[in-house]
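> Structure file query-v7.cif (mmCIF, N, CA and C atoms and all ligand atoms) right here:
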```cif
data_model
loop_
_atom_site.label_atom_id
_atom_site.label_comp_id
_atom_site.auth_asym_id
_atom_site.auth_seq_id
_atom_site.Cartn_x
_atom_site.Cartn_y
_atom_site.Cartn_z
N MET A 1 93.16 86.41 75.44
CA MET A 1 93.86 87.68 75.69
C MET A 1 93.36 88.76 74.74
N LYS A 2 92.89 89.87 75.31
CA LYS A 2 92.51 91.00 74.47
C LYS A 2 93.65 92.01 74.50
N LYS A 3 93.95 92.58 73.38
CA LYS A 3 95.09 93.49 73.33
C LYS A 3 94.70 94.87 72.85
N ILE A 4 95.17 95.88 73.56
CA ILE A 4 94.98 97.25 73.13
C ILE A 4 96.32 97.94 73.24
N ALA A 5 96.83 98.37 72.12
CA ALA A 5 98.13 99.06 72.08
C ALA A 5 99.13 98.41 73.01
N ASN A 6 99.63 99.15 73.98
CA ASN A 6 100.72 98.64 74.80
C ASN A 6 100.24 97.91 76.06
N ILE A 7 98.96 97.68 76.16
CA ILE A 7 98.44 97.02 77.36
C ILE A 7 97.60 95.83 76.96
N SER A 8 97.75 94.72 77.65
CA SER A 8 96.87 93.61 77.38
C SER A 8 96.16 93.22 78.67
N ILE A 9 94.91 92.89 78.55
CA ILE A 9 94.13 92.49 79.72
C ILE A 9 93.69 91.05 79.50
N ASP A 10 93.99 90.21 80.46
CA ASP A 10 93.58 88.83 80.35
C ASP A 10 92.05 88.77 80.34
N THR A 11 91.48 88.02 79.41
CA THR A 11 90.01 87.98 79.30
C THR A 11 89.38 87.43 80.58
N LYS A 12 90.08 86.51 81.26
CA LYS A 12 89.55 85.99 82.51
C LYS A 12 89.35 87.11 83.53
N ILE A 13 90.24 88.11 83.44
CA ILE A 13 90.14 89.24 84.35
C ILE A 13 89.12 90.24 83.85
N SER A 14 89.24 90.64 82.59
CA SER A 14 88.39 91.72 82.08
C SER A 14 86.92 91.32 82.02
N ASP A 15 86.63 90.03 81.85
CA ASP A 15 85.23 89.62 81.84
C ASP A 15 84.63 89.64 83.24
N HIS A 16 85.49 89.53 84.23
CA HIS A 16 85.01 89.47 85.60
C HIS A 16 84.83 90.85 86.23
N TYR A 17 85.71 91.77 85.90
CA TYR A 17 85.66 93.10 86.49
C TYR A 17 85.06 94.08 85.50
N ASN A 18 83.98 94.72 85.90
CA ASN A 18 83.20 95.45 84.90
C ASN A 18 83.48 96.95 84.83
N SER A 19 84.37 97.47 85.68
CA SER A 19 84.67 98.89 85.61
C SER A 19 86.18 99.10 85.60
N CYS A 20 86.58 100.09 84.87
CA CYS A 20 88.01 100.32 84.68
C CYS A 20 88.31 101.81 84.76
N VAL A 21 89.30 102.17 85.55
CA VAL A 21 89.80 103.55 85.60
C VAL A 21 91.13 103.54 84.85
N TYR A 22 91.33 104.54 84.03
CA TYR A 22 92.56 104.51 83.24
C TYR A 22 93.16 105.89 83.07
N MET A 23 94.45 105.90 82.79
CA MET A 23 95.14 107.15 82.47
C MET A 23 95.84 106.99 81.13
N LEU A 24 95.69 108.00 80.31
CA LEU A 24 96.38 108.04 79.02
C LEU A 24 97.43 109.14 79.06
N LYS A 25 98.50 108.93 78.33
CA LYS A 25 99.40 110.03 78.02
C LYS A 25 99.03 110.50 76.63
N CYS A 26 98.74 111.78 76.49
CA CYS A 26 98.30 112.33 75.20
C CYS A 26 99.38 113.26 74.65
N TYR A 27 99.86 112.91 73.47
CA TYR A 27 100.94 113.67 72.83
C TYR A 27 100.38 114.51 71.70
N LYS A 28 101.07 115.62 71.37
CA LYS A 28 100.55 116.51 70.33
C LYS A 28 100.74 115.95 68.93
N ASN A 29 101.73 115.08 68.74
CA ASN A 29 101.91 114.46 67.43
C ASN A 29 102.60 113.10 67.54
N ARG A 30 102.69 112.41 66.41
CA ARG A 30 103.23 111.05 66.35
C ARG A 30 104.69 111.01 66.80
N LYS A 31 105.44 112.04 66.38
CA LYS A 31 106.86 112.09 66.70
C LYS A 31 107.07 112.15 68.23
N ALA A 32 106.31 112.99 68.88
CA ALA A 32 106.41 113.12 70.33
C ALA A 32 106.06 111.80 71.02
N LEU A 33 105.07 111.11 70.47
CA LEU A 33 104.68 109.80 71.03
C LEU A 33 105.82 108.78 70.86
N GLN A 34 106.36 108.74 69.65
CA GLN A 34 107.43 107.76 69.37
C GLN A 34 108.69 108.03 70.18
N ASN A 35 108.99 109.32 70.37
CA ASN A 35 110.19 109.69 71.14
C ASN A 35 109.95 109.69 72.64
N LYS A 36 108.73 109.35 73.05
CA LYS A 36 108.35 109.39 74.47
C LYS A 36 108.73 110.74 75.08
N SER A 37 108.37 111.80 74.35
CA SER A 37 108.64 113.16 74.78
C SER A 37 107.97 113.45 76.14
N GLU A 38 108.56 114.40 76.88
CA GLU A 38 107.96 114.81 78.16
C GLU A 38 106.77 115.74 77.92
N ASP A 39 106.60 116.12 76.67
CA ASP A 39 105.57 117.07 76.30
C ASP A 39 104.24 116.35 76.02
N PHE A 40 103.56 115.98 77.10
CA PHE A 40 102.27 115.31 76.98
C PHE A 40 101.37 115.75 78.13
N VAL A 41 100.09 115.50 77.99
CA VAL A 41 99.18 115.74 79.11
C VAL A 41 98.49 114.42 79.47
N TYR A 42 98.13 114.30 80.73
CA TYR A 42 97.42 113.11 81.17
C TYR A 42 95.92 113.28 80.95
N TYR A 43 95.29 112.21 80.55
CA TYR A 43 93.83 112.17 80.48
C TYR A 43 93.36 111.01 81.35
N THR A 44 92.50 111.29 82.31
CA THR A 44 92.02 110.26 83.24
C THR A 44 90.52 110.08 83.07
N ASP A 45 90.09 108.83 82.95
CA ASP A 45 88.66 108.58 82.79
C ASP A 45 88.34 107.16 83.26
N MET A 46 87.09 106.79 83.14
CA MET A 46 86.69 105.44 83.49
C MET A 46 85.77 104.88 82.42
N THR A 47 85.62 103.57 82.39
CA THR A 47 84.76 102.93 81.40
C THR A 47 84.31 101.56 81.89
N LYS A 48 83.20 101.09 81.33
CA LYS A 48 82.76 99.72 81.61
C LYS A 48 83.33 98.76 80.58
N ASP A 49 83.90 99.30 79.53
CA ASP A 49 84.36 98.46 78.43
C ASP A 49 85.75 98.93 77.98
N PRO A 50 86.79 98.58 78.75
CA PRO A 50 88.13 99.11 78.47
C PRO A 50 88.64 98.82 77.06
N ILE A 51 88.42 97.60 76.58
CA ILE A 51 88.96 97.25 75.27
C ILE A 51 88.40 98.18 74.19
N HIS A 52 87.09 98.34 74.23
CA HIS A 52 86.42 99.18 73.24
C HIS A 52 86.79 100.66 73.39
N ARG A 53 86.73 101.12 74.63
CA ARG A 53 86.93 102.55 74.90
C ARG A 53 88.37 102.99 74.60
N LEU A 54 89.33 102.19 75.02
CA LEU A 54 90.72 102.56 74.81
C LEU A 54 91.06 102.50 73.32
N ASP A 55 90.44 101.58 72.65
CA ASP A 55 90.58 101.49 71.20
C ASP A 55 90.06 102.75 70.51
N GLU A 56 88.96 103.27 71.02
CA GLU A 56 88.39 104.52 70.47
C GLU A 56 89.38 105.68 70.60
N HIS A 57 90.04 105.77 71.76
CA HIS A 57 91.03 106.84 71.97
C HIS A 57 92.16 106.72 70.94
N ILE A 58 92.62 105.49 70.77
CA ILE A 58 93.77 105.26 69.90
C ILE A 58 93.41 105.48 68.43
N LYS A 59 92.17 105.11 68.07
CA LYS A 59 91.72 105.31 66.68
C LYS A 59 91.15 106.70 66.44
N ASN A 60 91.30 107.55 67.45
CA ASN A 60 90.83 108.94 67.35
C ASN A 60 89.33 109.06 67.10
N GLN A 61 88.56 108.21 67.75
CA GLN A 61 87.11 108.28 67.62
C GLN A 61 86.47 108.84 68.89
N ASP A 62 87.31 109.36 69.77
CA ASP A 62 86.79 109.88 71.03
C ASP A 62 86.86 111.40 71.03
N ILE A 63 85.74 112.04 71.40
CA ILE A 63 85.63 113.49 71.30
C ILE A 63 86.57 114.23 72.25
N TYR A 64 86.81 113.65 73.45
CA TYR A 64 87.62 114.35 74.46
C TYR A 64 89.10 114.36 74.13
N THR A 65 89.55 113.37 73.38
CA THR A 65 90.99 113.32 73.07
C THR A 65 91.25 113.54 71.57
N LYS A 66 90.25 114.07 70.89
CA LYS A 66 90.32 114.26 69.44
C LYS A 66 91.51 115.10 68.99
N ARG A 67 91.81 116.15 69.77
CA ARG A 67 92.88 117.07 69.37
C ARG A 67 94.26 116.40 69.35
N PHE A 68 94.37 115.21 69.92
CA PHE A 68 95.67 114.52 69.92
C PHE A 68 95.82 113.54 68.75
N ASN A 69 94.80 113.48 67.90
CA ASN A 69 94.86 112.66 66.68
C ASN A 69 95.28 111.21 66.91
N GLY A 70 94.86 110.64 68.01
CA GLY A 70 95.18 109.24 68.27
C GLY A 70 96.59 109.02 68.81
N ASN A 71 97.33 110.09 69.05
CA ASN A 71 98.69 109.97 69.59
C ASN A 71 98.64 109.85 71.11
N VAL A 72 98.00 108.79 71.53
CA VAL A 72 97.81 108.57 72.96
C VAL A 72 98.34 107.20 73.34
N GLU A 73 98.71 107.09 74.59
CA GLU A 73 99.29 105.85 75.07
C GLU A 73 98.59 105.48 76.37
N VAL A 74 98.17 104.24 76.49
CA VAL A 74 97.54 103.79 77.73
C VAL A 74 98.65 103.58 78.76
N SER A 75 98.61 104.35 79.84
CA SER A 75 99.71 104.29 80.80
C SER A 75 99.34 103.58 82.09
N TYR A 76 98.06 103.53 82.38
CA TYR A 76 97.69 103.01 83.70
C TYR A 76 96.25 102.53 83.68
N ILE A 77 96.04 101.36 84.33
CA ILE A 77 94.70 100.79 84.41
C ILE A 77 94.46 100.23 85.80
N GLU A 78 93.31 100.52 86.37
CA GLU A 78 92.86 99.82 87.57
C GLU A 78 91.49 99.25 87.27
N LEU A 79 91.25 98.00 87.69
CA LEU A 79 89.97 97.35 87.42
C LEU A 79 89.14 97.25 88.70
N TYR A 80 87.86 97.47 88.59
CA TYR A 80 86.94 97.39 89.72
C TYR A 80 85.72 96.59 89.31
N ASN A 81 85.04 96.01 90.30
CA ASN A 81 83.81 95.34 89.91
C ASN A 81 82.56 96.09 90.35
N ASP A 82 82.74 97.32 90.79
CA ASP A 82 81.55 98.15 90.92
C ASP A 82 81.86 99.58 90.49
N LEU A 83 80.83 100.16 89.91
CA LEU A 83 80.96 101.44 89.24
C LEU A 83 81.30 102.57 90.21
N SER A 84 80.74 102.52 91.43
CA SER A 84 80.94 103.64 92.35
C SER A 84 82.38 103.68 92.87
N SER A 85 83.01 102.52 93.06
CA SER A 85 84.42 102.51 93.46
C SER A 85 85.29 103.10 92.35
N ALA A 86 84.96 102.73 91.13
CA ALA A 86 85.71 103.24 89.99
C ALA A 86 85.55 104.75 89.88
N GLN A 87 84.34 105.22 90.08
CA GLN A 87 84.03 106.65 90.02
C GLN A 87 84.85 107.43 91.07
N ARG A 88 84.85 106.91 92.30
CA ARG A 88 85.60 107.56 93.38
C ARG A 88 87.09 107.60 93.06
N ARG A 89 87.59 106.49 92.55
CA ARG A 89 89.01 106.41 92.23
C ARG A 89 89.38 107.37 91.09
N LYS A 90 88.49 107.49 90.13
CA LYS A 90 88.73 108.41 89.02
C LYS A 90 88.89 109.84 89.53
N GLU A 91 87.98 110.25 90.41
CA GLU A 91 88.03 111.61 90.97
C GLU A 91 89.34 111.82 91.74
N GLN A 92 89.74 110.77 92.47
CA GLN A 92 90.98 110.82 93.23
C GLN A 92 92.20 110.98 92.31
N LEU A 93 92.24 110.19 91.26
CA LEU A 93 93.37 110.24 90.33
C LEU A 93 93.45 111.57 89.59
N LYS A 94 92.27 112.11 89.26
CA LYS A 94 92.23 113.39 88.53
C LYS A 94 92.86 114.52 89.33
N LYS A 95 92.76 114.43 90.66
CA LYS A 95 93.28 115.50 91.52
C LYS A 95 94.77 115.39 91.77
N LEU A 96 95.37 114.25 91.41
CA LEU A 96 96.80 114.08 91.65
C LEU A 96 97.60 115.06 90.82
N ARG A 97 98.71 115.52 91.41
CA ARG A 97 99.63 116.34 90.64
C ARG A 97 100.40 115.45 89.67
N ARG A 98 100.99 116.07 88.66
CA ARG A 98 101.69 115.31 87.63
C ARG A 98 102.74 114.36 88.21
N ILE A 99 103.52 114.87 89.15
CA ILE A 99 104.58 114.06 89.75
C ILE A 99 103.99 112.84 90.49
N GLU A 100 102.82 113.03 91.09
CA GLU A 100 102.16 111.91 91.79
C GLU A 100 101.66 110.86 90.80
N LYS A 101 101.18 111.33 89.64
CA LYS A 101 100.77 110.39 88.59
C LYS A 101 101.97 109.61 88.07
N GLU A 102 103.07 110.32 87.87
CA GLU A 102 104.31 109.66 87.41
C GLU A 102 104.71 108.54 88.37
N THR A 103 104.65 108.85 89.65
CA THR A 103 105.05 107.90 90.68
C THR A 103 104.15 106.67 90.64
N LEU A 104 102.86 106.90 90.54
CA LEU A 104 101.90 105.81 90.47
C LEU A 104 102.16 104.92 89.26
N ILE A 105 102.39 105.54 88.12
CA ILE A 105 102.63 104.78 86.89
C ILE A 105 103.95 104.03 86.96
N SER A 106 104.97 104.66 87.51
CA SER A 106 106.28 103.99 87.56
C SER A 106 106.24 102.79 88.51
N LYS A 107 105.35 102.84 89.48
CA LYS A 107 105.20 101.71 90.40
C LYS A 107 104.53 100.52 89.75
N LYS A 108 103.99 100.75 88.55
CA LYS A 108 103.27 99.70 87.86
C LYS A 108 104.19 98.51 87.55
N VAL A 109 105.43 98.81 87.22
CA VAL A 109 106.38 97.71 87.02
C VAL A 109 106.94 97.34 88.38
N ILE A 110 106.64 96.11 88.83
CA ILE A 110 106.95 95.78 90.21
C ILE A 110 107.97 94.65 90.33
N GLY A 111 108.47 94.16 89.22
CA GLY A 111 109.46 93.11 89.35
C GLY A 111 109.67 92.38 88.05
N VAL A 112 110.26 91.21 88.16
CA VAL A 112 110.61 90.43 86.98
C VAL A 112 109.92 89.07 87.06
N CYS A 113 109.44 88.59 85.92
CA CYS A 113 108.75 87.30 85.84
C CYS A 113 109.71 86.14 86.14
N ASP A 114 109.26 85.20 86.98
CA ASP A 114 110.09 84.02 87.30
C ASP A 114 110.32 83.16 86.06
N LYS A 115 109.32 83.14 85.17
CA LYS A 115 109.35 82.21 84.05
C LYS A 115 110.16 82.73 82.87
N CYS A 116 109.96 84.01 82.49
CA CYS A 116 110.63 84.49 81.27
C CYS A 116 111.48 85.74 81.51
N HIS A 117 111.51 86.25 82.73
CA HIS A 117 112.34 87.39 83.12
C HIS A 117 111.95 88.72 82.47
N ASP A 118 110.74 88.78 81.93
CA ASP A 118 110.22 90.07 81.44
C ASP A 118 109.64 90.82 82.66
N ASN A 119 109.20 92.08 82.44
CA ASN A 119 108.65 92.86 83.55
C ASN A 119 107.28 92.36 84.01
N MET A 120 107.08 92.34 85.31
CA MET A 120 105.76 92.09 85.87
C MET A 120 105.14 93.45 86.17
N THR A 121 103.91 93.65 85.72
CA THR A 121 103.24 94.92 86.00
C THR A 121 102.05 94.70 86.93
N ARG A 122 101.58 95.76 87.53
CA ARG A 122 100.55 95.64 88.54
C ARG A 122 99.30 96.45 88.18
N SER A 123 98.14 95.84 88.34
CA SER A 123 96.88 96.58 88.27
C SER A 123 96.15 96.32 89.58
N ILE A 124 95.25 97.21 89.92
CA ILE A 124 94.53 97.05 91.18
C ILE A 124 93.06 96.80 90.91
N ILE A 125 92.50 95.84 91.62
CA ILE A 125 91.08 95.53 91.46
C ILE A 125 90.40 95.56 92.81
N ILE A 126 89.09 95.71 92.79
CA ILE A 126 88.30 95.53 94.00
C ILE A 126 87.37 94.36 93.74
N ASP A 127 87.45 93.34 94.56
CA ASP A 127 86.65 92.14 94.28
C ASP A 127 85.22 92.28 94.85
N ASN A 128 84.44 91.23 94.68
CA ASN A 128 83.02 91.31 95.06
C ASN A 128 82.79 91.52 96.56
N GLU A 129 83.79 91.19 97.38
CA GLU A 129 83.67 91.43 98.81
C GLU A 129 84.17 92.83 99.18
N GLY A 130 84.54 93.61 98.18
CA GLY A 130 85.01 94.96 98.42
C GLY A 130 86.47 95.01 98.83
N GLU A 131 87.15 93.89 98.71
CA GLU A 131 88.56 93.85 99.10
C GLU A 131 89.46 94.26 97.94
N ARG A 132 90.46 95.09 98.24
CA ARG A 132 91.40 95.48 97.20
C ARG A 132 92.43 94.39 96.98
N LYS A 133 92.67 94.07 95.72
CA LYS A 133 93.67 93.08 95.39
C LYS A 133 94.52 93.60 94.25
N GLN A 134 95.69 93.01 94.10
CA GLN A 134 96.51 93.42 92.97
C GLN A 134 96.70 92.25 92.00
N ILE A 135 96.64 92.58 90.75
CA ILE A 135 96.91 91.61 89.70
C ILE A 135 98.33 91.86 89.20
N LEU A 136 99.14 90.85 89.24
CA LEU A 136 100.48 90.96 88.66
C LEU A 136 100.47 90.21 87.34
N GLN A 137 100.94 90.88 86.31
CA GLN A 137 100.94 90.23 85.01
C GLN A 137 102.28 90.46 84.30
N CYS A 138 102.78 89.41 83.69
CA CYS A 138 104.04 89.50 82.96
C CYS A 138 103.78 90.09 81.58
N SER A 139 104.58 91.09 81.17
CA SER A 139 104.37 91.67 79.84
C SER A 139 104.96 90.78 78.75
N GLY A 140 105.73 89.77 79.12
CA GLY A 140 106.26 88.83 78.14
C GLY A 140 105.33 87.66 77.93
N CYS A 141 105.36 86.69 78.86
CA CYS A 141 104.60 85.45 78.67
C CYS A 141 103.15 85.55 79.14
N LYS A 142 102.76 86.70 79.72
CA LYS A 142 101.37 86.97 80.13
C LYS A 142 100.91 86.15 81.34
N PHE A 143 101.84 85.46 81.98
CA PHE A 143 101.52 84.79 83.23
C PHE A 143 100.97 85.81 84.23
N TRP A 144 99.90 85.47 84.93
CA TRP A 144 99.37 86.43 85.91
C TRP A 144 98.89 85.76 87.17
N LYS A 145 98.84 86.55 88.25
CA LYS A 145 98.32 86.07 89.51
C LYS A 145 97.68 87.22 90.27
N ILE A 146 96.76 86.88 91.14
CA ILE A 146 96.09 87.90 91.96
C ILE A 146 96.56 87.76 93.40
N LEU A 147 96.96 88.87 93.99
CA LEU A 147 97.44 88.88 95.37
C LEU A 147 96.65 89.87 96.21
N PRO A 148 96.55 89.63 97.52
CA PRO A 148 95.89 90.62 98.36
C PRO A 148 96.73 91.89 98.47
N LEU A 149 96.12 92.96 98.84
CA LEU A 149 96.80 94.26 98.89
C LEU A 149 96.32 95.00 100.12
N ASN A 150 97.23 95.53 100.86
CA ASN A 150 96.81 96.29 102.03
C ASN A 150 97.19 97.76 101.89
N PHE A 151 96.21 98.59 101.66
CA PHE A 151 96.45 100.04 101.72
C PHE A 151 95.15 100.78 101.90
ZN ZN A 201 106.85 85.92 81.89
#
```
Any chance you could give the structure as structure tokens?

Amino acid sequence: MKKIANISIDTKISDHYNSCVYMLKCYKNRKALQNKSEDFVYYTDMTKDPIHRLDEHIKNQDIYTKRFNGNVEVSYIELYNDLSSAQRRKEQLKKLRRIEKETLISKKVIGVCDKCHDNMTRSIIIDNEGERKQILQCSGCKFWKILPLNF
């Protein structure tokens, strides 16, 4: 299990899927981040190396989010196994209005784990056959499964 701030990606998954689209919530200071203030902006990007890249944002080593001094939170991740799908999805997400981003992120929690009753969250992947699937992962015991997705 690799861990970055509030998100963990199972290594079995992250080693298999080589592209990642993500959204950060960027706060102006530490207090706003801790209080989960509404005063933030979204930053949407993609990477081939989510663990490394998201870590850079959080450690304030990234030029695009430098003005937020590392007061950023990983809010959303979708995994893909080809770069062009990730690129298309990034462009799509960037055009969403704030309320649409909120809706997408809030849908990330999709239920409760059978085993430990913590929240199950959802990420979306595209497999080698180009089929969209969803990964459900428990934020408590880290139990995960991959399910087909129709949309
Ligand atoms: Zn669990």
> Return as a VMD selection string every polymer residue, whether protein, DNA or RNA, with at least one atom no more than 6 Å from an atom of ligand ZN 201 (chain A); count all atoms listed in the file.
chain A and resid 113 to 118 138 to 143
> What's the separation between atom C of A:Pro148 and atom C of A:Arg122, in Å to one decimal place?
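It comes out at 11.5 Å.
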> Hey, which of A:Ile77, A:Met120, A:Leu149, A:Val41 ends up closest to A:Arg132? Count all atoms listed in the file.
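Of A:Ile77, A:Met120, A:Leu149, A:Val41, the one nearest A:Arg132 is A:Leu149, counting all atoms listed in the file.
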> In Å, how far is it from atom CA of A:Pro50 to atom CA of A:Gln92?
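So the two atoms, atom CA of A:Pro50 and atom CA of A:Gln92, lie 19.1 Å apart.
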> Just the number, please: distance in Å from atom CA of A:Asp45 to atom CA of A:Asn128, one decimal.
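It comes out at 21.9 Å.
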> DSSP on the backbone, helix (DSSP H, G or I) only: what residues of chain A does that give? Format it as a PyMOL selection string.
chain A and resi 11-14+30-34+50-58+66-68+83-95+98-106
> For a quick check of understanding, using only C-alpha atoms, which of A:Met46, A:Ile146, A:Ile124, A:Met23 has the smallest distance to A:Arg88?
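Closest to A:Arg88, using only C-alpha atoms: A:Met46.
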> Just the residues within 7 Å of stretch 58-72 of chain A, please, counting only C-alpha atoms, with nothing from its chain fewer than 5 positions along; format it as a list of chain:residue names.
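Here the answer would be A:Leu24, A:Lys25, A:Cys26, A:Tyr27, A:Lys28, A:Asn29, A:Arg30, A:Leu33.
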> Run DSSP on the backbone and give me the residues of stretch 11-142 of chain A it puts in strand (DSSP E), as a PyMOL selection string.
chain A and resi 19-27+40-47+72-80+109-112+119-126+132-138
> Is there a way to get, as a list in words, all residues within 5 Å of the point (102.9, 98.0, 85.6) in file coordinates, counting all atoms listed in the file?
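Every residue inside that radius is included here: Lys108, Val109, Thr121 and Arg122 of chain A.
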> Please produce an output containing N, CA and C atoms for each residue in the selection, written as a PDB file, in the frame of the given file.

```
ATOM      1  N   LYS A 108     103.990 100.750  88.550  1.00  0.00           N
ATOM      2  CA  LYS A 108     103.270  99.700  87.860  1.00  0.00           C
ATOM      3  C   LYS A 108     104.190  98.510  87.550  1.00  0.00           C
ATOM      4  N   VAL A 109     105.430  98.810  87.220  1.00  0.00           N
ATOM      5  CA  VAL A 109     106.380  97.710  87.020  1.00  0.00           C
ATOM      6  C   VAL A 109     106.940  97.340  88.380  1.00  0.00           C
ATOM      7  N   THR A 121     103.910  93.650  85.720  1.00  0.00           N
ATOM      8  CA  THR A 121     103.240  94.920  86.000  1.00  0.00           C
ATOM      9  C   THR A 121     102.050  94.700  86.930  1.00  0.00           C
ATOM     10  N   ARG A 122     101.580  95.760  87.530  1.00  0.00           N
ATOM     11  CA  ARG A 122     100.550  95.640  88.540  1.00  0.00           C
ATOM     12  C   ARG A 122      99.300  96.450  88.180  1.00  0.00           C
TER      13      ARG A 122
END
```
> A:Leu54, A:Tyr43, A:Ser75, A:Asn81: which is nearest A:Ser106, counting only N, CA and C atoms?
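Comparing A:Leu54, A:Tyr43, A:Ser75, A:Asn81 against A:Ser106, the winner is A:Ser75.
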> Please provide as a PyMOL selection string all residues within 12 Å of A:Ser84, with the sequence filter that same-chain residues fewer than 6 positions apart are discarded (counting only C-alpha atoms).
chain A and resi 18-21+46-48+90-91+126+130
> Just save stretch 43-58 of chain A with C-alpha atoms, as an mmCIF file, in the first residue's frame.

```
data_model
loop_
_atom_site.group_PDB
_atom_site.id
_atom_site.type_symbol
_atom_site.label_atom_id
_atom_site.label_comp_id
_atom_site.auth_asym_id
_atom_site.auth_seq_id
_atom_site.Cartn_x
_atom_site.Cartn_y
_atom_site.Cartn_z
ATOM 1 C CA TYR A 43 -6.583 22.143 -9.442
ATOM 2 C CA THR A 44 -6.993 19.396 -12.055
ATOM 3 C CA ASP A 45 -4.097 17.600 -13.705
ATOM 4 C CA MET A 46 -2.792 14.222 -14.755
ATOM 5 C CA THR A 47 0.360 12.213 -14.092
ATOM 6 C CA LYS A 48 2.038 8.903 -14.831
ATOM 7 C CA ASP A 49 3.308 8.713 -11.280
ATOM 8 C CA PRO A 50 0.560 9.668 -8.808
ATOM 9 C CA ILE A 51 2.466 8.833 -5.632
ATOM 10 C CA HIS A 52 5.413 11.003 -6.581
ATOM 11 C CA ARG A 53 3.442 13.827 -8.175
ATOM 12 C CA LEU A 54 0.845 14.211 -5.442
ATOM 13 C CA ASP A 55 3.609 14.153 -2.890
ATOM 14 C CA GLU A 56 5.255 17.057 -4.731
ATOM 15 C CA HIS A 57 2.053 19.110 -4.444
ATOM 16 C CA ILE A 58 1.788 18.413 -0.735
#
```
